[in-house]
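Student: The file below is protein-v4.tsv, TSV, C-alpha atoms:
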chain	number	residue	atom	x	y	z
A	20	MET	CA	-15.27	0.39	18.85
A	21	GLU	CA	-13.20	-1.99	16.76
A	22	THR	CA	-13.56	-1.24	13.08
A	23	LYS	CA	-13.00	-4.37	11.00
A	24	PHE	CA	-13.68	-2.72	7.67
A	25	ASN	CA	-11.28	0.12	7.05
A	26	ILE	CA	-10.72	0.73	3.37
A	27	CYS	CA	-7.08	1.53	3.92
A	28	LEU	CA	-6.37	-1.58	5.96
A	29	ARG	CA	-9.00	-3.95	7.31
A	30	SER	CA	-11.17	-4.12	4.22
A	31	MET	CA	-8.09	-5.04	2.24
A	32	LEU	CA	-7.41	-7.91	4.59
A	33	ALA	CA	-10.99	-9.10	4.34
A	34	LEU	CA	-11.40	-8.70	0.59
A	35	CYS	CA	-7.93	-9.33	-0.72
A	36	CYS	CA	-6.32	-11.34	2.09
A	37	LEU	CA	-3.26	-9.16	1.93
A	38	PRO	CA	-0.83	-9.61	4.86
A	39	VAL	CA	-0.26	-5.95	5.61
A	40	GLY	CA	0.40	-4.04	8.82
A	41	SER	CA	-1.23	-0.92	10.14
A	42	SER	CA	-1.19	1.42	7.15
A	43	CYS	CA	-4.04	3.88	7.48
A	44	GLU	CA	-3.69	5.24	10.98
A	45	ARG	CA	-2.12	8.69	10.87
A	46	VAL	CA	1.08	7.81	12.71
A	47	ASP	CA	3.85	10.39	12.64
A	48	ILE	CA	6.72	8.66	10.84
A	49	THR	CA	8.79	11.82	10.56
A	50	PRO	CA	11.95	11.74	12.70
A	51	LYS	CA	12.09	14.67	15.11
A	52	PRO	CA	15.18	16.46	16.36
A	53	ALA	CA	16.34	15.21	19.74
A	54	ALA	CA	16.64	18.78	21.00
A	55	GLU	CA	13.80	21.27	21.19
A	56	THR	CA	16.06	24.04	19.90
A	57	VAL	CA	14.93	25.44	16.55
A	58	TYR	CA	18.11	25.74	14.50
A	59	VAL	CA	16.39	26.93	11.30
A	60	ASP	CA	12.85	28.18	10.66
A	61	LYS	CA	10.77	28.34	7.47
A	62	SER	CA	11.73	31.92	6.71
A	63	GLU	CA	15.45	31.13	6.85
A	64	VAL	CA	15.05	28.13	4.55
A	65	ALA	CA	13.23	30.42	2.10
A	66	MET	CA	15.96	33.06	2.31
A	67	ILE	CA	18.69	30.48	1.68
A	68	LEU	CA	17.00	29.39	-1.54
A	69	GLY	CA	15.97	32.93	-2.47
A	70	ASN	CA	19.58	34.13	-2.23
A	71	ALA	CA	20.92	31.19	-4.24
A	72	ARG	CA	21.66	31.25	-7.95
A	73	LEU	CA	19.28	28.52	-8.95
A	74	GLU	CA	20.05	26.65	-12.13
A	75	ASN	CA	17.56	24.95	-14.40
A	76	CYS	CA	18.63	21.53	-13.06
A	77	HIS	CA	17.60	22.63	-9.55
A	78	ILE	CA	14.17	23.70	-10.74
A	79	ARG	CA	13.80	20.50	-12.77
A	80	GLU	CA	14.59	18.45	-9.66
A	81	VAL	CA	11.84	20.18	-7.67
A	82	PHE	CA	9.43	19.88	-10.59
A	83	ASP	CA	10.11	16.13	-10.85
A	84	ALA	CA	9.51	15.68	-7.12
A	85	VAL	CA	6.28	17.68	-6.85
A	86	SER	CA	4.96	15.93	-9.97
A	87	ALA	CA	5.77	12.55	-8.40
A	88	SER	CA	3.99	13.56	-5.18
A	89	ALA	CA	0.90	14.60	-7.15
A	90	GLY	CA	1.02	11.32	-9.06
A	91	ASN	CA	0.97	9.47	-5.74
A	92	GLY	CA	-2.17	11.32	-4.67
A	93	TYR	CA	-0.53	13.96	-2.46
A	94	ASP	CA	-0.05	17.70	-2.86
A	95	GLU	CA	2.62	19.30	-5.07
A	96	GLU	CA	5.37	19.02	-2.49
A	97	TYR	CA	9.03	18.08	-2.02
A	98	THR	CA	10.18	17.36	1.52
A	99	LEU	CA	13.60	18.38	2.76
A	100	ARG	CA	14.08	14.80	3.86
A	101	ASN	CA	13.86	13.72	0.22
A	102	ILE	CA	15.99	16.67	-0.91
A	103	PHE	CA	18.84	15.28	1.19
A	104	ASP	CA	18.23	11.54	0.93
A	105	LYS	CA	16.30	10.91	-2.33
A	106	PRO	CA	16.67	13.82	-4.74
A	107	GLY	CA	13.70	14.18	-7.08
A	108	SER	CA	11.53	11.71	-5.13
A	109	GLY	CA	7.92	12.46	-4.26
A	110	VAL	CA	5.93	11.96	-1.10
A	111	GLY	CA	4.50	8.44	-0.80
A	112	GLU	CA	7.32	6.45	-2.38
A	113	GLU	CA	8.03	4.83	0.99
A	114	TYR	CA	4.57	3.23	0.79
A	115	LEU	CA	5.06	1.67	-2.64
A	116	ASN	CA	5.83	-2.02	-2.91
A	117	GLU	CA	8.82	-3.23	-4.90
A	118	ALA	CA	6.82	-3.83	-8.08
A	119	ALA	CA	5.40	-0.31	-7.98
A	120	LYS	CA	8.80	1.21	-7.20
A	121	ALA	CA	10.20	-0.52	-10.27
A	122	GLN	CA	7.79	1.54	-12.38
A	123	THR	CA	9.21	4.78	-10.92
A	124	LYS	CA	11.93	6.28	-13.08
A	125	ALA	CA	14.94	7.37	-11.07
A	126	SER	CA	16.73	10.54	-12.13
A	127	ASP	CA	20.29	11.68	-11.57
A	128	TYR	CA	21.01	15.34	-10.87
A	129	SER	CA	24.56	16.50	-11.50
A	130	THR	CA	24.04	19.48	-9.19
A	131	PRO	CA	21.39	18.47	-6.63
A	132	LEU	CA	19.51	21.11	-4.66
A	133	ARG	CA	20.91	19.83	-1.38
A	134	ASP	CA	24.33	21.23	-2.35
A	135	ILE	CA	22.96	24.74	-1.83
A	136	PHE	CA	22.20	23.95	1.81
A	137	ILE	CA	25.49	22.12	2.33
A	138	GLU	CA	27.47	25.07	0.96
A	139	HIS	CA	25.47	27.64	2.94
A	140	PHE	CA	25.91	25.97	6.31
A	141	SER	CA	29.52	25.06	5.63
A	142	GLN	CA	30.29	28.76	5.11
A	143	GLN	CA	28.27	29.74	8.17
A	144	THR	CA	30.18	27.30	10.35
A	145	LYS	CA	33.52	28.65	9.12
A	146	SER	CA	32.49	32.12	10.29
A	147	GLY	CA	32.57	30.96	13.90
A	148	GLY	CA	29.09	29.57	14.60
A	149	SER	CA	28.63	27.37	17.66
A	150	ILE	CA	26.54	24.82	15.75
A	151	THR	CA	28.24	22.58	13.21
A	152	ALA	CA	27.15	22.31	9.60
A	153	GLU	CA	26.22	18.67	10.17
A	154	GLU	CA	23.90	19.62	13.03
A	155	TYR	CA	22.14	22.17	10.83
A	156	LEU	CA	21.75	19.67	8.00
A	157	ASP	CA	20.54	16.89	10.30
A	158	TYR	CA	17.95	19.28	11.71
A	159	LEU	CA	16.64	20.10	8.23
A	160	ARG	CA	16.66	16.46	7.19
A	161	SER	CA	14.62	15.42	10.23
A	162	SER	CA	12.20	18.36	10.09
A	163	ASP	CA	8.81	18.37	8.36
A	164	PHE	CA	9.79	21.34	6.16
A	165	GLN	CA	9.07	21.07	2.47
A	166	ILE	CA	8.87	23.01	-0.78
A	167	TYR	CA	5.27	23.44	-1.87
A	168	TRP	CA	4.86	24.46	-5.52
A	169	PRO	CA	1.20	25.25	-6.32
A	170	TYR	CA	0.16	25.31	-9.97
A	171	SER	CA	3.45	23.67	-10.91
A	172	GLU	CA	1.90	22.30	-14.08
A	173	ASN	CA	2.03	25.86	-15.49
A	174	TRP	CA	5.84	25.96	-15.42
A	175	ASP	CA	7.28	26.79	-18.85
A	176	GLY	CA	10.49	24.87	-18.20
A	177	ASN	CA	12.67	27.96	-17.86
A	178	SER	CA	11.22	30.59	-15.51
A	179	LEU	CA	12.94	31.07	-12.15
A	180	PRO	CA	10.82	30.65	-9.00
A	181	VAL	CA	10.06	33.21	-6.33
A	182	ILE	CA	10.84	31.73	-2.90
A	183	THR	CA	8.66	32.52	0.13
A	184	PHE	CA	7.38	30.83	3.28
A	185	ALA	CA	4.01	30.18	4.93
A	186	PRO	CA	3.45	33.04	7.40
A	187	ASP	CA	2.28	32.10	10.87
A	188	ASN	CA	-0.49	34.72	10.76
A	189	ASN	CA	-1.90	33.30	7.48
A	190	ALA	CA	-1.87	36.71	5.80
A	191	ALA	CA	-3.01	36.80	2.17
A	192	THR	CA	0.41	38.01	0.99
A	193	ASN	CA	4.01	37.65	2.10
A	194	ILE	CA	7.50	38.74	1.13
A	195	GLY	CA	9.46	36.62	-1.35
A	196	TRP	CA	12.86	36.61	-3.08
A	197	TYR	CA	14.46	35.49	-6.29
A	198	MET	CA	17.80	35.96	-7.96
A	199	ASP	CA	17.87	36.64	-11.67
A	200	PRO	CA	20.41	35.05	-14.07
A	201	ASP	CA	22.67	38.10	-13.65
A	202	GLY	CA	22.91	37.52	-9.89
A	203	GLN	CA	20.66	40.45	-8.95
A	204	LEU	CA	18.49	39.76	-5.88
A	205	HIS	CA	14.86	40.88	-6.08
A	206	GLU	CA	12.25	41.19	-3.34
A	207	VAL	CA	8.58	40.89	-4.30
A	208	GLU	CA	5.15	40.59	-2.70
A	209	VAL	CA	3.78	37.07	-3.09
A	210	SER	CA	0.10	36.18	-3.44
A	211	GLU	CA	-1.84	33.24	-4.82
A	212	GLU	CA	-2.51	35.27	-7.96
A	213	LEU	CA	1.25	35.56	-8.52
A	214	ALA	CA	1.64	31.80	-8.00
A	215	GLN	CA	-0.86	31.20	-10.79
A	216	LYS	CA	1.20	33.30	-13.19
A	217	ARG	CA	4.79	32.32	-12.39
A	218	PRO	CA	6.60	29.67	-10.31
A	219	VAL	CA	6.38	30.22	-6.55
A	220	TRP	CA	7.99	27.90	-4.01
A	221	ILE	CA	6.53	28.07	-0.52
A	222	ILE	CA	8.40	26.65	2.46
A	223	ASN	CA	5.73	25.12	4.68
A	224	ASN	CA	5.21	21.98	6.75
A	225	ASN	CA	4.30	18.56	5.41
A	226	GLU	CA	0.93	17.44	6.76
A	227	ASP	CA	-0.33	14.80	4.30
A	228	GLY	CA	2.62	12.39	4.12
A	229	LEU	CA	1.58	10.43	7.19
A	230	PHE	CA	-1.13	8.37	5.52
A	231	THR	CA	-1.55	6.22	2.44
A	232	THR	CA	-3.61	7.57	-0.46
A	233	LEU	CA	-5.91	5.68	-2.78
A	234	ASP	CA	-3.42	6.23	-5.61
A	235	ILE	CA	-0.75	4.35	-3.66
A	236	TYR	CA	-3.12	1.42	-3.14
A	237	ARG	CA	-3.93	1.37	-6.84
A	238	LYS	CA	-0.25	1.36	-7.77
A	239	ASN	CA	0.48	-1.42	-5.29
A	240	ASN	CA	-2.45	-3.52	-6.53
A	241	PRO	CA	-2.82	-2.99	-10.30
A	242	GLU	CA	-4.83	-6.22	-10.55
A	243	TRP	CA	-7.83	-4.62	-8.84
A	244	ALA	CA	-10.58	-4.17	-11.42
A	245	GLU	CA	-8.28	-4.51	-14.43
A	246	GLY	CA	-5.73	-1.90	-13.58
A	247	GLY	CA	-7.03	-0.40	-10.39
A	248	SER	CA	-10.00	1.69	-11.53
A	249	ILE	CA	-11.85	0.42	-8.48
A	250	VAL	CA	-9.84	0.63	-5.28
A	251	ILE	CA	-11.10	-2.66	-3.88
A	252	GLU	CA	-12.60	-5.19	-6.25
A	253	PRO	CA	-15.84	-6.80	-5.01
A	254	LYS	CA	-15.74	-10.47	-4.11
A	255	ALA	CA	-16.53	-12.90	-6.89
A	256	ARG	CA	-20.23	-13.62	-6.99
A	257	THR	CA	-22.70	-15.52	-9.15
A	258	SER	CA	-25.23	-13.85	-11.40
A	259	THR	CA	-28.01	-14.88	-8.99
A	260	SER	CA	-26.27	-13.43	-5.91
A	261	GLU	CA	-28.23	-10.89	-3.90
A	262	LEU	CA	-25.04	-9.18	-2.75
A	263	LYS	CA	-24.28	-5.77	-4.19
A	264	THR	CA	-21.50	-3.22	-3.70
A	265	LEU	CA	-21.86	0.45	-2.81
A	266	ILE	CA	-19.38	2.59	-4.78
A	267	LEU	CA	-18.40	6.24	-4.39
A	268	LYS	CA	-17.93	7.13	-8.05
A	269	ASP	CA	-16.70	10.71	-7.80
A	270	PHE	CA	-16.07	13.51	-5.35
A	271	THR	CA	-16.19	17.27	-5.94
A	272	ALA	CA	-15.04	19.85	-3.38
A	273	LYS	CA	-16.76	23.19	-3.88
A	274	ARG	CA	-14.27	25.30	-1.91
A	275	ASN	CA	-10.86	25.33	-0.24
A	276	TYR	CA	-10.74	24.85	3.52
A	277	ASP	CA	-7.14	25.92	4.17
A	278	TYR	CA	-5.17	29.10	3.55
A	279	TRP	CA	-3.44	29.00	0.19
A	280	TRP	CA	0.01	28.78	1.80
A	281	GLN	CA	-1.03	25.45	3.31
A	282	GLY	CA	-1.95	23.85	0.02
A	283	ALA	CA	-4.53	21.14	-0.63
A	284	SER	CA	-7.56	20.20	1.43
A	285	GLU	CA	-7.52	16.67	2.85
A	286	PHE	CA	-11.04	15.26	3.09
A	287	TRP	CA	-11.67	12.09	5.07
A	288	VAL	CA	-14.72	10.12	3.98
A	289	LYS	CA	-16.04	7.84	6.74
A	290	ILE	CA	-19.01	5.50	6.44
A	291	GLY	CA	-20.44	3.14	9.05
A	292	SER	CA	-22.57	0.17	8.03
A	293	VAL	CA	-23.30	-3.52	8.65
A	294	GLU	CA	-21.75	-5.74	6.00
A	295	ASN	CA	-23.54	-8.72	4.44
A	296	PHE	CA	-26.42	-8.56	6.90
A	297	ARG	CA	-28.74	-11.60	6.54
A	298	ALA	CA	-30.08	-12.17	10.05
A	299	SER	CA	-33.55	-13.66	10.45
A	300	THR	CA	-33.55	-14.24	14.24
A	301	GLU	CA	-32.51	-12.17	17.24
A	302	ALA	CA	-29.79	-14.71	18.03
A	303	GLU	CA	-28.23	-14.09	14.62
A	304	LEU	CA	-28.08	-10.37	15.32
A	305	LYS	CA	-25.30	-11.01	17.83
A	306	LEU	CA	-23.11	-12.36	15.03
A	307	TYR	CA	-22.85	-8.94	13.38
A	308	ASP	CA	-20.79	-5.88	14.18
A	309	PRO	CA	-20.86	-2.52	12.42
A	310	ASN	CA	-17.96	-1.66	10.12
A	311	ILE	CA	-16.27	1.66	9.42
A	312	THR	CA	-14.73	2.48	6.06
A	313	ASP	CA	-12.51	5.56	5.92
A	314	PHE	CA	-10.07	6.99	3.41
A	315	VAL	CA	-8.60	10.33	2.42
A	316	VAL	CA	-9.24	12.39	-0.70
A	317	VAL	CA	-6.59	15.05	-1.35
A	318	VAL	CA	-8.07	17.95	-3.34
A	319	ARG	CA	-5.43	20.29	-4.70
A	320	ARG	CA	-6.34	23.94	-5.11
A	321	LYS	CA	-6.65	23.73	-8.88
A	322	GLU	CA	-9.04	20.76	-8.47
A	323	VAL	CA	-11.69	22.64	-6.49
A	324	GLY	CA	-14.96	22.44	-8.42
A	325	ILE	CA	-13.69	19.57	-10.59
A	326	PRO	CA	-15.16	16.05	-10.15
A	327	LEU	CA	-12.44	13.61	-9.07
A	328	THR	CA	-13.07	10.05	-10.23
A	329	LEU	CA	-12.69	7.67	-7.27
A	330	ASN	CA	-14.62	4.45	-7.98
A	331	THR	CA	-14.01	3.46	-4.38
A	332	VAL	CA	-15.86	0.69	-2.56
A	333	LEU	CA	-17.74	1.97	0.50
A	334	VAL	CA	-19.72	-1.16	1.42
A	335	SER	CA	-18.55	-4.33	-0.29
A	336	GLU	CA	-21.56	-6.50	0.64
A	337	TRP	CA	-24.71	-4.43	0.43
A	338	THR	CA	-27.98	-6.31	1.07
A	339	ASP	CA	-31.62	-5.32	0.99
A	340	GLN	CA	-31.77	-5.69	4.77
A	341	LEU	CA	-29.49	-2.67	5.24
A	342	GLU	CA	-31.86	0.20	6.06
A	343	ASN	CA	-29.30	3.00	6.33
A	344	CYS	CA	-25.65	3.76	6.95
A	345	ALA	CA	-23.86	6.69	8.60
A	346	LEU	CA	-21.78	9.05	6.47
A	347	MET	CA	-19.28	11.63	7.72
A	348	ILE	CA	-17.00	13.90	5.66
A	349	VAL	CA	-14.38	16.01	7.43
A	350	GLU	CA	-11.50	18.21	6.28
A	351	ASP	CA	-8.43	17.24	8.27
A	352	ASP	CA	-6.97	19.83	10.64
A	353	GLY	CA	-5.70	17.59	13.45
A	354	GLY	CA	-6.30	17.89	17.17
A	355	THR	CA	-7.41	15.37	19.76
A	356	VAL	CA	-9.56	12.37	18.84
A	357	ASN	CA	-13.33	12.74	19.25
A	358	ASN	CA	-16.11	10.35	18.29
A	359	TRP	CA	-19.39	10.83	16.49
A	360	ASN	CA	-21.88	8.44	18.08
A	361	CYS	CA	-24.29	7.35	15.36
A	362	THR	CA	-26.42	4.42	14.22
A	363	ALA	CA	-26.63	2.06	11.26
A	364	MET	CA	-30.06	0.47	10.80
A	365	VAL	CA	-30.90	-3.01	9.52
A	366	LYS	CA	-34.16	-4.90	9.08
A	367	TYR	CA	-35.04	-8.43	10.13
A	368	ASN	CA	-38.46	-10.06	10.41
A	369	SER	CA	-39.99	-6.78	9.23
A	370	LYS	CA	-38.46	-4.97	12.22
A	371	SER	CA	-35.72	-2.33	12.26
A	372	TYR	CA	-32.70	-2.71	14.49
A	373	GLY	CA	-29.97	-0.17	15.16
A	374	PHE	CA	-26.24	-0.82	15.58
A	375	GLU	CA	-24.39	1.85	17.52
A	376	ILE	CA	-21.21	3.16	15.85
A	377	ASN	CA	-18.46	5.50	17.04
A	378	ILE	CA	-16.83	7.22	14.06
A	379	PRO	CA	-13.58	8.98	15.07
A	380	TYR	CA	-12.53	12.44	13.93
A	381	LYS	CA	-10.16	15.15	15.19
A	382	SER	CA	-11.21	18.11	17.35
A	383	LYS	CA	-9.87	20.70	14.87
A	384	ASP	CA	-11.37	19.02	11.80
A	385	ASP	CA	-13.93	20.93	9.77
A	386	ILE	CA	-17.09	18.81	9.68
A	387	VAL	CA	-18.26	19.11	6.08
A	388	TRP	CA	-21.29	16.81	6.45
A	389	ARG	CA	-22.58	14.05	8.70
A	390	GLY	CA	-25.84	12.18	8.80
A	391	GLN	CA	-27.62	9.01	7.77
A	392	LEU	CA	-27.97	7.74	4.21
A	393	SER	CA	-30.94	5.49	3.67
A	394	ARG	CA	-30.93	2.55	1.30
A	395	ARG	CA	-33.96	4.06	-0.44
A	396	TYR	CA	-32.14	7.35	-1.05
A	397	ILE	CA	-28.99	5.70	-2.38
A	398	GLU	CA	-30.84	3.28	-4.65
A	399	SER	CA	-33.10	6.07	-5.95
A	400	ASN	CA	-30.22	8.46	-6.66
A	401	GLN	CA	-27.65	6.24	-8.27
A	402	ASN	CA	-25.29	8.07	-10.65
A	403	VAL	CA	-26.79	11.40	-9.58
A	404	ASN	CA	-24.67	14.14	-8.01
A	405	GLY	CA	-25.79	14.86	-4.45
A	406	TYR	CA	-24.86	17.79	-2.22
A	407	PHE	CA	-23.23	17.04	1.14
A	408	GLY	CA	-22.29	20.41	2.55
A	409	ASP	CA	-19.50	21.84	0.42
A	410	VAL	CA	-18.98	18.51	-1.32
A	411	MET	CA	-20.81	16.84	-4.18
A	412	ALA	CA	-20.69	13.04	-4.41
A	413	THR	CA	-22.05	10.40	-6.75
A	414	PHE	CA	-22.94	6.93	-5.49
A	415	SER	CA	-23.59	3.74	-7.41
A	416	ILE	CA	-24.62	0.20	-6.51
A	417	MET	CA	-23.25	-2.64	-8.60
How does the structure come out when it is put into structure tokens?

Tutor:
Amino acid sequence: METKFNICLRSMLALCCLPVGSSCERVDITPKPAAETVYVDKSEVAMILGNARLENCHIREVFDAVSASAGNGYDEEYTLRNIFDKPGSGVGEEYLNEAAKAQTKASDYSTPLRDIFIEHFSQQTKSGGSITAEEYLDYLRSSDFQIYWPYSENWDGNSLPVITFAPDNNAATNIGWYMDPDGQLHEVEVSEELAQKRPVWIINNNEDGLFTTLDIYRKNNPEWAEGGSIVIEPKARTSTSELKTLILKDFTAKRNYDYWWQGASEFWVKIGSVENFRASTEAELKLYDPNITDFVVVVRRKEVGIPLTLNTVLVSEWTDQLENCALMIVEDDGGTVNNWNCTAMVKYNSKSYGFEINIPYKSKDDIVWRGQLSRRYIESNQNVNGYFGDVMATFSIM
């Protein structure tokens, strides 16, 4: 079913009249190698970095990048594509408009991290390999490999990182390497507990850079609600207007859904409703279609149990005739597209009428919660934390 109110795209067109293209569908924008041959895997990338004499400027570059990614609403990550093409840049910069990019401070690195890879593969090619250094580097640049640095905010500015990779069997621990300032190579067992105490870089795959976060929309549209505290500002209305706006004020995840090697949990919030419903005859009912709002909330591991302020519009034109809406929260794990067939109810002439809605989700997604939210419940529990599976959420009507 066509969804004309998608918070990442269609609602922006309707509310802000912004001429944008398709921005919220999870389209794979990552270039893929032409050949199916795997030239380098995650473990080899980790060993290359683990056997390198990392300098403070290298660590600072990664720290700058993962901090920028987090500031854009993504996980603490630094893609190999950016390592080669935009040193120190975070995930999401490609979605920023020119005004927002101008606010991003560019850094110069006298010895960029990419030089370690260039030197390694140049030496390997000289030893008689059949694949050229450029082919290796192009493969890395076009892959979805990245450095994931959990708990990076704990870095003291000097400590050297342990380098490891996400194991395919999702074991709790894995082998890791680091080289001390004297050039001595060390091998250690890596766990999440270690990552909380000292820097750990994990080579894994980027999975959250294919969609636009709420933070990116705020940065691109600072005029929304005086600086972007509300993702989409409600339409101007008079003091006597009956129209209201349903807001998701905050969001709290109570647990992690992914193995710690994989990083943050990506929750998609999806709500189906009928906007600005004011029908008084059956003929007028045909003028209305249900709308679906959906957006992603990235919850990093250190943010589990902490309320994240969202102030995000769910239904921009909420009327007293709206009986209930359909809410679905999933944690993204990919797969084929399925649909949840549900209903949004409205009232006209003292009768209730249901609009059928198909809310899409992926076959491997974890369904955190789905069901109907009545107008009575929402209006009676404004500004009160409610439990929705392993998530707590606070709604408000303004």

Student: Measuring atom to atom with only C-alpha atoms, identify which of A:Asn177, A:Ser126, A:Asn240, A:Thr312 is nearest to Ile348 of chain A.

Tutor: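 Among the listed residues, A:Thr312 lies closest to Ile348 of chain A.
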
Student: Quick check, in Å to one decimal: how far apart do atom CA of Ile222 of chain A and atom CA of Lys120 of chain A lie?

Tutor: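 Going from atom CA of Ile222 of chain A over to atom CA of Lys120 of chain A, I get 27.2 Å.
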
Student: Hey, which of A:Val207, A:Met198, A:Val110, A:Leu115 ends up closest to Asn225 of chain A? Count all atoms listed in the file.

Tutor: A:Val110

Student: Distance table requested - segment 74-113 of chain A against segment 140-163 of chain A, cut-off 12 Å, only C-alpha atoms: one row per qualifying residue with the closest atom pair and its distance in Å to one decimal, ordered by chain and rising residue number, as CSV.

Tutor:
residue,atom,partner,partner_atom,distance
A:Glu96,CA,A:Asp163,CA,11.4
A:Tyr97,CA,A:Asp163,CA,10.4
A:Thr98,CA,A:Asp163,CA,7.0
A:Leu99,CA,A:Arg160,CA,5.7
A:Arg100,CA,A:Arg160,CA,4.5
A:Asn101,CA,A:Arg160,CA,8.0
A:Ile102,CA,A:Arg160,CA,8.1
A:Phe103,CA,A:Arg160,CA,6.5
A:Asp104,CA,A:Arg160,CA,8.1
A:Lys105,CA,A:Arg160,CA,11.0
A:Val110,CA,A:Asp163,CA,11.8

Student: Would you list the contacts of Asp227 of chain A as a ChimeraX atom specification, taking every protein, DNA or RNA residue within 10 Å and counting all atoms listed in the file, but skipping same-chain residues closer than 3 positions in sequence?

Tutor: /A:45,92-94,96,110-111,224,230-232,283-285,315,317,351

Student: What is the atom CA of Tyr276 of chain A to atom CA of Asn357 of chain A distance in Å?

Tutor: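 That distance, rounded to one decimal, is 20.0 Å.
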
Student: Could I get the residues of segment 105-200 of chain A with an atom no further than 12 Å from an atom of segment 209-214 of chain A, each paired with its nearest atom pair and that distance in Å to one decimal, using all atoms listed in the file, sorted by chain and residue number, as JSON lines?

Tutor:
{"residue": "A:Tyr167", "atom": "CA", "partner": "A:Ala214", "partner_atom": "CA", "distance": 11.0}
{"residue": "A:Trp168", "atom": "CA", "partner": "A:Ala214", "partner_atom": "CA", "distance": 8.4}
{"residue": "A:Pro169", "atom": "CA", "partner": "A:Ala214", "partner_atom": "CA", "distance": 6.8}
{"residue": "A:Tyr170", "atom": "CA", "partner": "A:Ala214", "partner_atom": "CA", "distance": 6.9}
{"residue": "A:Ser171", "atom": "CA", "partner": "A:Ala214", "partner_atom": "CA", "distance": 8.8}
{"residue": "A:Glu172", "atom": "CA", "partner": "A:Ala214", "partner_atom": "CA", "distance": 11.3}
{"residue": "A:Asn173", "atom": "CA", "partner": "A:Ala214", "partner_atom": "CA", "distance": 9.6}
{"residue": "A:Trp174", "atom": "CA", "partner": "A:Ala214", "partner_atom": "CA", "distance": 10.3}
{"residue": "A:Pro180", "atom": "CA", "partner": "A:Ala214", "partner_atom": "CA", "distance": 9.3}
{"residue": "A:Val181", "atom": "CA", "partner": "A:Val209", "partner_atom": "CA", "distance": 8.1}
{"residue": "A:Ile182", "atom": "CA", "partner": "A:Val209", "partner_atom": "CA", "distance": 8.9}
{"residue": "A:Thr183", "atom": "CA", "partner": "A:Val209", "partner_atom": "CA", "distance": 7.4}
{"residue": "A:Phe184", "atom": "CA", "partner": "A:Val209", "partner_atom": "CA", "distance": 9.6}
{"residue": "A:Ala185", "atom": "CA", "partner": "A:Val209", "partner_atom": "CA", "distance": 10.6}
{"residue": "A:Pro186", "atom": "CA", "partner": "A:Val209", "partner_atom": "CA", "distance": 11.2}
{"residue": "A:Asn189", "atom": "CA", "partner": "A:Ser210", "partner_atom": "CA", "distance": 11.5}
{"residue": "A:Ala190", "atom": "CA", "partner": "A:Ser210", "partner_atom": "CA", "distance": 9.5}
{"residue": "A:Ala191", "atom": "CA", "partner": "A:Ser210", "partner_atom": "CA", "distance": 6.4}
{"residue": "A:Thr192", "atom": "CA", "partner": "A:Ser210", "partner_atom": "CA", "distance": 4.8}
{"residue": "A:Asn193", "atom": "CA", "partner": "A:Val209", "partner_atom": "CA", "distance": 5.2}
{"residue": "A:Ile194", "atom": "CA", "partner": "A:Val209", "partner_atom": "CA", "distance": 5.9}
{"residue": "A:Gly195", "atom": "CA", "partner": "A:Val209", "partner_atom": "CA", "distance": 6.0}
{"residue": "A:Trp196", "atom": "CA", "partner": "A:Val209", "partner_atom": "CA", "distance": 9.1}
{"residue": "A:Tyr197", "atom": "CA", "partner": "A:Val209", "partner_atom": "CA", "distance": 11.3}

Student: Could you turn the residues from that selection into a file that holds C-alpha atoms, as a compact mmCIF listing (two decimals), in the frame of the given file?

Tutor:
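Okay, this is what ended up in again22.txt:
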# COMPACT_ATOMS: atom_id res chain seq x y z
CA TYR A 167 5.27 23.44 -1.87
CA TRP A 168 4.86 24.46 -5.52
CA PRO A 169 1.20 25.25 -6.32
CA TYR A 170 0.16 25.31 -9.97
CA SER A 171 3.45 23.67 -10.91
CA GLU A 172 1.90 22.30 -14.08
CA ASN A 173 2.03 25.86 -15.49
CA TRP A 174 5.84 25.96 -15.42
CA PRO A 180 10.82 30.65 -9.00
CA VAL A 181 10.06 33.21 -6.33
CA ILE A 182 10.84 31.73 -2.90
CA THR A 183 8.66 32.52 0.13
CA PHE A 184 7.38 30.83 3.28
CA ALA A 185 4.01 30.18 4.93
CA PRO A 186 3.45 33.04 7.40
CA ASN A 189 -1.90 33.30 7.48
CA ALA A 190 -1.87 36.71 5.80
CA ALA A 191 -3.01 36.80 2.17
CA THR A 192 0.41 38.01 0.99
CA ASN A 193 4.01 37.65 2.10
CA ILE A 194 7.50 38.74 1.13
CA GLY A 195 9.46 36.62 -1.35
CA TRP A 196 12.86 36.61 -3.08
CA TYR A 197 14.46 35.49 -6.29

Student: Within 9 Å of Arg395 of chain A, counting all atoms listed in the file, which residues show up once you throw out same-chain ones fewer than 5 positions away? Write them as a list of chain:residue names, please.

Tutor: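 The residues satisfying every condition are A:Glu342, A:Asn343, A:Asn400.
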
Student: Could you write those residues out with C-alpha atoms, as an mmCIF file, keeping the file's coordinate frame?

Tutor:
data_model
loop_
_atom_site.group_PDB
_atom_site.id
_atom_site.type_symbol
_atom_site.label_atom_id
_atom_site.label_comp_id
_atom_site.auth_asym_id
_atom_site.auth_seq_id
_atom_site.Cartn_x
_atom_site.Cartn_y
_atom_site.Cartn_z
ATOM 1 C CA GLU A 342 -31.860 0.200 6.060
ATOM 2 C CA ASN A 343 -29.300 3.000 6.330
ATOM 3 C CA ASN A 400 -30.220 8.460 -6.660
#

Student: Between atom CA of Ser382 of chain A and atom CA of Lys268 of chain A, what is the spacing in Å?

Tutor: 28.5 Å

Student: I'd like to know which of A:Tyr380, A:Phe314, A:Trp280, A:Tyr114 is closest to Asn239 of chain A, using only C-alpha atoms.

Tutor: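 So, comparing all the options, the nearest one is A:Tyr114.
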